[in-house]
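Q: There's a structure below that I have some questions on.
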Amino acid sequence: MLQRKWMALSVALACSTALDQARAATAYVSNEKGNTISVVDLDKMETVATVPVGERPRGITLSHDKKLLYICTSDADHIEVLDLESLEVIRTLPSGPDPELFVLSRDGSTLYIANEDNNFVTVLDLTQGVVATEIPVGVEPEGMAISPDNKVLINTSETTNMAHFINTETLEIFDNVLVDSRPRYAEFTPDGKEVWVSSEIGGTVSVIDAGSREILKKIGFEIQGVRADTIQPVGVRITPDGKTAFVALGPANRVAVIDVASREVQDYLLVGQRVWQLDFTPDAKLLLSTNGESNDISVIDVAERKVIKSIPVGELPWGVAIR
């Protein structure tokens with residue numbers, strides 16, 4: 001009997017430790033209207049600091065060593081670098097006008113930046129802090145993704161309604177794929193075989209074969225009691241095991257859960273108002289959504305597929321990155 005009680009206690013402690021490790025992370029949220037970054041302690045499940053940055057911060061991403069946060073300050077027309085120990089902006093880097101989203105190369109040396117106002121992707125050399133070149137793309141570029149092998153860069157252009165496939169060695173477009181109206185985000189599957197592109201106004205996610213560039217399927221969404229025109233796919237994240245995709249559905253206030261193999265929607269999770277972007281904790285046990293109109297983030301338990309917490313942040317939260 002004592003042995004059974006000891007084993008039960010050991011299991012309970014192990015589960016508690018695992019949960020603590022899952023939450024021992026920090027989230028950074030860009031607040032588009034407030035010109036701030038909210039720092040969220042995912043152990044305490046609360047915002048612990050608010051950091052002023054440049055005008056209209058949107059896309060954010062971490063350096064590979066997790067020491068720096070790169071920030072698209074869209075109305076300031078540049079990239080800011082936030083030191084995550086001091087929580088101070090330590091560097092300003094050039095970009096084109098109205099940078100919205102970007103992606104970091106696999107070796108951490110280059111930022112590829114979508115500049116919404118001039119129809120270029122800026123290639124920024126982080127070592128030198130200078131623009132290496134600009135790649136002409138479609139009208140209103142936004143979504144950015146890079147293949148696991150670092151050989152292919154994807155840009156989506158909102159008005160041209162295309163996903164542009166770019167060779168990272170030649171920095172030239174080698175193919176264009178027409179998708180539905182207003183593509184906002186692109187995400188490679190972990191094996192690099194597919195690219196998932198969300199189309200906000202079209203209301204779909206296009207699953208593209210990365211090799212042939214053929215559209216394998218367009219995933220649509222139907223939510224009982226929700227108008228079709230409010231179901232607007234934006235942010236997309238796929239679990240590291242490549243089995244499950246999560247899609248933020250904008251004013252529908254839902255995150256869709258999709259089985260990657262079948263490409264079928266399995267569930268809709270109710271989150272805050274106007275859900276925009278998503279990110280996993282490093283262990284992929286939790287998923288966070290930014291909810292622009294309710295000024296909060298929703299914390300989703302990935303395994304249980306349920307929202308477990310809502311955390312207030314700044315005004316009009318847009319992007320999220322977690323270390």
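In the structure tokens, the first chain shown is A, the next is B, and so on; residue numbers restart at 1 for each chain, and ligands run from 1 in the order shown.
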Using only C-alpha atoms, I'd like a table of the residues in stretch 99-190 of chain A that come within 12 Å of stretch 266-282 of chain A; for each, show the closest atom pair and its distance in Å rounded to one decimal, ordered by chain and ascending number, as a Markdown table.

A:
```
| residue | atom | partner | partner_atom | distance |
| --- | --- | --- | --- | --- |
| A:Leu101 | CA | A:Gln277 | CA | 11.2 |
| A:Gly143 | CA | A:Gln277 | CA | 11.6 |
| A:Arg184 | CA | A:Trp276 | CA | 10.3 |
| A:Tyr185 | CA | A:Gln277 | CA | 9.3 |
| A:Ala186 | CA | A:Gln277 | CA | 11.8 |
| A:Glu187 | CA | A:Leu278 | CA | 11.6 |
```

Q: Which residues are close to A:Ala228, i.e. within 12 Å by only C-alpha atoms, leaving aside same-chain residues fewer than 3 positions away? Reply as a list in words.

A: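 Listed by chain and then number, they are Glu200, Ile201, Gly202, Gly203, Thr204, Gly220, Phe221, Glu222, Ile223, Gln224, Gly225, Ile231, Gln232, Pro233, Leu249, Gly250, Pro251 and Ala252 of chain A.
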
Q: For atom CA of A:Pro183 and atom CA of A:Arg254, determine how far apart the two atoms are, in Å to one decimal place.

A: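 Rounded to one decimal, the two atoms are 18.3 Å apart.
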
Q: Quick one: of A:Asn35, A:Asp107, A:Thr26, A:Thr127, who's nearest to A:Thr47, counting only C-alpha atoms?

A: A:Thr26

Q: For a test of reading the model, state the distance in Å between atom CA of A:Ser147 and atom CA of A:Leu287, rounded to one decimal.

A: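 Taking atom CA of A:Ser147 and atom CA of A:Leu287, their separation equals 21.7 Å.
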